[in-house]
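Taking it in order: structure first as structure tokens, then the write-up.
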Amino acid sequence: MSITVLYFAWVKEKVGIGEEQLSPPDNVKTISDFIAWLETQSPGHASAFSDKSQIRIALDQLHVPFDTDIGDAKEIAFFPPVTGGAW
Amino acid sequence: MSITVLYFAWVKEKVGIGEEQLSPPDNVKTISDFIAWLETQSPGHASAFSDKSQIRIALDQLHVPFDTDIGDAKEIAFFPPVTGGAW
Amino acid sequence: MVIKLQSEPINAGEEINTFLASNSNSGGVATFVGQVRDFQEQGAGESTCVSALELEHYPGMTEKELERISAEAQKRWTLDAALVIHRHGRMNPGDAIVLVCAAAAHRGDSFSACEFIMDRLKTQAPFWKREHSSTDSSWVVARERDDARAKRWEKVD
Amino acid sequence: MVIKLQSEPINAGEEINTFLASNSNSGGVATFVGQVRDFQEQGAGESTCVSALELEHYPGMTEKELERISAEAQKRWTLDAALVIHRHGRMNPGDAIVLVCAAAAHRGDSFSACEFIMDRLKTQAPFWKREHSSTDSSWVVARERDDARAKRWEKVD
């Protein structure tokens, strides 16, 4: 399986790129599995995911929790909690 | 004592005038007393005050209830419950 | 805190832009515009056409009441500024009758103040509405819903 | 229901006037404008100067999320129309970041829908803010108050 992986804000800065196409091994089922595998890919990936309480996920552009099955999703995005204006 | 009396909306239409200067007798203490006396002044006044549940009062431009003492107020106004836009 | 009472049309967008510019450091600005509709609900899904609306008011008391309401809003919430513009006299469907703006650092304050001012205004500001249709003209009767909405705020006193 | 995402400045007053004109038969229109402030609270009364703000977003998801939020508002309240305009990219203090408008027959619906859209937007729409001062630039951390505000609406689900 091949999936588009997107990173935003400081997650992107830590990983070093904004987008990549990845094919995780078959034993990767949930998003937590996927993150564990991502952390082994580079020191940048490891650093981006060092504090998971600050990571949010969207699967095919929908907010989802860490234990979600990736299934046949085409796009997964990792980013910090969202922040808008100061009001 | 002389007091400026104002009428608005359909209260004004029923009384027939928007403003008058009146000197009620000494036994008129509260607004209820004043209305009872007003009702004897003309059929228009009587008709305006026939349903007191539809009358609201401002004494010197402040909303007040019927049992308020008129004291040395300079202006008293009678009008229907207020109505603004339809929103 | 600015109160304007006018018989001229209200240009809501222009007034809001002026208000935003003079409060450019307020994070949030909530506003409300009340417009003249071209129909009046008669209950049971019925409605009649409204060709014009006339708003009588109590000169002197209206301004004071709007000021009292705005002052009360400023006491209850942390506001940077508030603006109330109310029209009186004759107006046409689609015209703005009232514009309320509230600027605050936090949006909760601006929303609550704006809604409070509107609710109080509807039950306290001395305006009386007469609706004109093609055949008729009549005073509008006050609605209990407005009293109920205004009473909600008494709990927080 | 209209969603606009743009890097160009938002002319709030002009957009509001257009919205009012296309919803002239809605009795009430509630709007909210969020503006870039020229300072950032640091807690304990401290604040630092903000010279510019940069809003990164997730193209594609942002539009979908704003549409989901507006659709949810239309399901919860009786609205005639809703408009959300959000800016992204670099902006200056005093600029409008977001404009939300909600038109309804009754003001309660327009206020609630507008506030709901703002609360949801702050916690769900994928925007990340970077503040630039004269010496520094840093990502802004999400605040718990926003989560608390957004959670209020879950009770009415």
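Identifiers for the structure tokens are assigned positionally: chains receive A, B, ... in sequence, residues are indexed from 1 per chain, and ligands are indexed from 1 in the order shown.
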Spatial neighbours of Ala36 (chain B), 9 Å, only C-alpha atoms, chain gap at least 5 places, as a list in words: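 Counting only the stated atoms, we get Val28, Ile31, Ala46 and Phe49 of chain B.
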Would you export the selected residues with N, CA, C and O atoms as an mmCIF file, in the first residue's frame, please?
data_model
loop_
_atom_site.group_PDB
_atom_site.id
_atom_site.type_symbol
_atom_site.label_atom_id
_atom_site.label_comp_id
_atom_site.auth_asym_id
_atom_site.auth_seq_id
_atom_site.Cartn_x
_atom_site.Cartn_y
_atom_site.Cartn_z
ATOM 1 N N VAL B 28 -53.726 62.378 44.404
ATOM 2 C CA VAL B 28 -53.046 61.514 43.435
ATOM 3 C C VAL B 28 -51.584 61.323 43.864
ATOM 4 O O VAL B 28 -50.789 62.267 43.813
ATOM 5 N N ILE B 31 -48.779 56.229 40.397
ATOM 6 C CA ILE B 31 -49.144 56.235 38.980
ATOM 7 C C ILE B 31 -50.538 55.638 38.797
ATOM 8 O O ILE B 31 -51.325 56.127 37.981
ATOM 9 N N ALA B 46 -60.176 57.537 28.779
ATOM 10 C CA ALA B 46 -60.780 56.316 29.336
ATOM 11 C C ALA B 46 -60.520 55.132 28.416
ATOM 12 O O ALA B 46 -60.144 54.041 28.873
ATOM 13 N N PHE B 49 -56.849 53.779 28.453
ATOM 14 C CA PHE B 49 -56.435 53.024 29.645
ATOM 15 C C PHE B 49 -57.371 51.869 29.990
ATOM 16 O O PHE B 49 -57.293 51.316 31.080
#
Using only C-alpha atoms, find which residues of chain C lie within 7 Å of chain A and jot them down as an NGL selection string. :C and (27-28 or 105-107)
Could you tell me which residues of chain C sit within 10 Å of chain D when counting only C-alpha atoms, and give me the result as a count of residues only? 52
As a count of residues only, list the residues of region 74-140 of chain D assigned to strand (DSSP E) by DSSP on the backbone atoms of this structure. 28
Near-region 54-70 of chain D list (8 Å; only C-alpha atoms; drop same-chain fewer than 4 positions) as a VMD selection string: (chain A and resid 8 to 9 61 to 62 84) or (chain D and resid 1 3 to 5 74 82 84 87 to 91 117 120 to 121 124 to 132)
Point-to-point distance from CA of Asp26 (chain B) to CA of Ala73 (chain B), Å rounded to tenths: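 Result for CA of Asp26 (chain B) versus CA of Ala73 (chain B): 14.2 Å, one decimal.
Taking region 28-82 of chain C and asking which residues DSSP calls alpha helix (DSSP H) on the backbone, you get Met61, Thr62, Glu63, Lys64, Glu65, Leu66, Glu67, Arg68, Ile69, Ser70, Ala71, Glu72, Ala73, Gln74, Lys75 and Arg76 of chain C.
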What does the file look like for those residues with all heavy atoms, as a tab-separated table (two decimals), in the first residue's frame?
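After the write, again-v2.tsv holds the following:
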chain	number	residue	atom	x	y	z
C	61	MET	N	-35.75	59.80	25.94
C	61	MET	CA	-35.66	58.54	26.69
C	61	MET	C	-34.96	57.46	25.86
C	61	MET	O	-34.18	56.67	26.41
C	61	MET	CB	-37.04	58.03	27.10
C	61	MET	CG	-36.95	56.67	27.80
C	61	MET	SD	-38.45	56.17	28.66
C	61	MET	CE	-38.02	54.48	29.13
C	62	THR	N	-35.20	57.41	24.55
C	62	THR	CA	-34.59	56.37	23.71
C	62	THR	C	-33.07	56.39	23.85
C	62	THR	O	-32.44	55.36	24.12
C	62	THR	CB	-34.98	56.57	22.24
C	62	THR	OG1	-36.39	56.72	22.17
C	62	THR	CG2	-34.55	55.39	21.40
C	63	GLU	N	-32.48	57.56	23.68
C	63	GLU	CA	-31.02	57.69	23.79
C	63	GLU	C	-30.55	57.24	25.18
C	63	GLU	O	-29.57	56.51	25.31
C	63	GLU	CB	-30.59	59.15	23.57
C	63	GLU	CG	-30.84	59.70	22.17
C	63	GLU	CD	-32.25	60.27	21.96
C	63	GLU	OE1	-33.19	59.84	22.69
C	63	GLU	OE2	-32.41	61.12	21.07
C	64	LYS	N	-31.28	57.71	26.22
C	64	LYS	CA	-30.88	57.35	27.59
C	64	LYS	C	-30.95	55.85	27.81
C	64	LYS	O	-30.08	55.26	28.45
C	64	LYS	CB	-31.81	58.05	28.60
C	64	LYS	CG	-31.37	59.46	28.89
C	64	LYS	CD	-32.19	60.07	30.02
C	64	LYS	CE	-32.02	61.58	29.98
C	64	LYS	NZ	-33.26	62.29	30.23
C	65	GLU	N	-32.00	55.25	27.28
C	65	GLU	CA	-32.19	53.81	27.48
C	65	GLU	C	-31.08	53.03	26.75
C	65	GLU	O	-30.52	52.09	27.29
C	65	GLU	CB	-33.57	53.42	26.95
C	65	GLU	CG	-34.09	52.11	27.49
C	65	GLU	CD	-34.26	52.08	29.01
C	65	GLU	OE1	-34.63	53.10	29.61
C	65	GLU	OE2	-33.98	51.01	29.60
C	66	LEU	N	-30.78	53.44	25.53
C	66	LEU	CA	-29.71	52.76	24.78
C	66	LEU	C	-28.36	52.91	25.50
C	66	LEU	O	-27.55	51.99	25.53
C	66	LEU	CB	-29.62	53.29	23.34
C	66	LEU	CG	-30.85	53.02	22.44
C	66	LEU	CD1	-30.66	53.65	21.06
C	66	LEU	CD2	-31.11	51.52	22.31
C	67	GLU	N	-28.16	54.08	26.09
C	67	GLU	CA	-26.92	54.29	26.86
C	67	GLU	C	-26.88	53.43	28.11
C	67	GLU	O	-25.85	52.87	28.46
C	67	GLU	CB	-26.76	55.78	27.23
C	67	GLU	CG	-25.99	56.54	26.16
C	67	GLU	CD	-26.17	58.05	26.26
C	67	GLU	OE1	-26.34	58.56	27.39
C	67	GLU	OE2	-26.15	58.70	25.20
C	68	ARG	N	-28.04	53.33	28.80
C	68	ARG	CA	-28.09	52.49	30.00
C	68	ARG	C	-27.79	51.04	29.64
C	68	ARG	O	-27.05	50.35	30.34
C	68	ARG	CB	-29.49	52.58	30.64
C	68	ARG	CG	-29.70	53.83	31.48
C	68	ARG	CD	-30.99	53.74	32.31
C	68	ARG	NE	-32.18	54.03	31.53
C	68	ARG	CZ	-32.84	55.19	31.54
C	68	ARG	NH1	-32.43	56.19	32.30
C	68	ARG	NH2	-33.92	55.35	30.82
C	69	ILE	N	-28.38	50.57	28.54
C	69	ILE	CA	-28.18	49.17	28.12
C	69	ILE	C	-26.70	48.92	27.77
C	69	ILE	O	-26.11	47.93	28.20
C	69	ILE	CB	-29.10	48.83	26.93
C	69	ILE	CG1	-30.57	48.90	27.34
C	69	ILE	CG2	-28.76	47.45	26.36
C	69	ILE	CD1	-31.56	48.87	26.18
C	70	SER	N	-26.10	49.83	27.02
C	70	SER	CA	-24.69	49.67	26.63
C	70	SER	C	-23.78	49.73	27.85
C	70	SER	O	-22.80	48.97	27.95
C	70	SER	CB	-24.26	50.77	25.66
C	70	SER	OG	-25.12	50.79	24.56
C	71	ALA	N	-24.09	50.63	28.79
C	71	ALA	CA	-23.28	50.75	30.00
C	71	ALA	C	-23.36	49.46	30.80
C	71	ALA	O	-22.36	48.99	31.35
C	71	ALA	CB	-23.74	51.95	30.83
C	72	GLU	N	-24.55	48.89	30.86
C	72	GLU	CA	-24.73	47.63	31.59
C	72	GLU	C	-23.92	46.51	30.92
C	72	GLU	O	-23.29	45.70	31.60
C	72	GLU	CB	-26.23	47.28	31.61
C	72	GLU	CG	-26.58	45.95	32.24
C	72	GLU	CD	-26.36	45.91	33.74
C	72	GLU	OE1	-26.37	46.99	34.37
C	72	GLU	OE2	-26.15	44.80	34.28
C	73	ALA	N	-23.91	46.49	29.60
C	73	ALA	CA	-23.11	45.49	28.87
C	73	ALA	C	-21.63	45.67	29.19
C	73	ALA	O	-20.90	44.70	29.39
C	73	ALA	CB	-23.36	45.60	27.37
C	74	GLN	N	-21.18	46.90	29.25
C	74	GLN	CA	-19.76	47.16	29.54
C	74	GLN	C	-19.40	46.78	30.98
C	74	GLN	O	-18.25	46.49	31.28
C	74	GLN	CB	-19.44	48.62	29.28
C	74	GLN	CG	-19.46	48.92	27.78
C	74	GLN	CD	-18.66	50.14	27.43
C	74	GLN	OE1	-18.93	51.24	27.93
C	74	GLN	NE2	-17.67	49.99	26.58
C	75	LYS	N	-20.41	46.82	31.86
C	75	LYS	CA	-20.17	46.42	33.24
C	75	LYS	C	-20.06	44.90	33.34
C	75	LYS	O	-19.30	44.36	34.14
C	75	LYS	CB	-21.34	46.91	34.12
C	75	LYS	CG	-20.91	47.66	35.36
C	75	LYS	CD	-22.05	48.40	36.02
C	75	LYS	CE	-23.17	47.49	36.50
C	75	LYS	NZ	-24.34	48.32	36.99
C	76	ARG	N	-20.86	44.20	32.53
C	76	ARG	CA	-20.92	42.74	32.64
C	76	ARG	C	-19.79	42.03	31.91
C	76	ARG	O	-19.41	40.93	32.30
C	76	ARG	CB	-22.25	42.23	32.07
C	76	ARG	CG	-23.44	42.61	32.92
C	76	ARG	CD	-24.68	41.99	32.32
C	76	ARG	NE	-25.86	42.35	33.09
C	76	ARG	CZ	-26.86	41.52	33.33
C	76	ARG	NH1	-26.83	40.29	32.86
C	76	ARG	NH2	-27.90	41.92	34.03
Polymer residues at most 12 Å from Ser42 (chain A), only C-alpha atoms, same-chain spacing of 6 or more positions, as a JSON list (two decimals) with C-alpha atoms, in the first residue's frame:
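Result file out_13.json:
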[["chain", "number", "residue", "atom", "x", "y", "z"],
["A", 14, "LYS", "CA", 11.00, 18.89, 12.23],
["A", 15, "VAL", "CA", 10.45, 16.20, 9.58],
["A", 16, "GLY", "CA", 12.13, 18.48, 7.05],
["A", 17, "ILE", "CA", 9.60, 18.01, 4.23],
["A", 36, "ALA", "CA", 5.93, 3.97, 15.35],
["A", 48, "ALA", "CA", 8.59, 15.38, 15.14],
["A", 49, "PHE", "CA", 6.73, 12.60, 16.96]]
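Coordinates place CA of Ser50 (chain A) at a distance of 16.5 Å from CA of Val141 (chain D).
Taking CA of Arg143 (chain D) and CA of Val64 (chain A) as the two end points, the separation is 19.7 Å.
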Taking into account only C-alpha atoms, which residue in the set D:Pro9, D:Thr123, D:Trp77, D:Thr135 is nearest to Asp109 (chain D)?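 Once distances to Asp109 (chain D) are computed over only C-alpha atoms, the minimum belongs to D:Trp77.
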Just want the 10 Å neighbourhood of Ile35 (chain B), counted on only C-alpha atoms, with same-chain residues fewer than 5 positions away dropped. Output as a list in words.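 So the residues in contact are Val28, Thr30, Thr40, Gln41, His45, Ala46, Phe49, Lys52, Phe66 and Phe78 of chain B.
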Could you save those same residues with C-alpha atoms as a compact mmCIF listing (two decimals), in the first residue's frame?
# COMPACT_ATOMS: atom_id res chain seq x y z
CA VAL B 28 -53.05 61.51 43.43
CA THR B 30 -49.02 56.82 42.72
CA THR B 40 -62.13 60.77 34.12
CA GLN B 41 -60.68 63.50 31.88
CA HIS B 45 -58.34 58.92 28.02
CA ALA B 46 -60.78 56.32 29.34
CA PHE B 49 -56.44 53.02 29.64
CA LYS B 52 -53.99 48.33 31.73
CA PHE B 66 -47.85 51.16 38.32
CA PHE B 78 -47.71 56.16 28.82
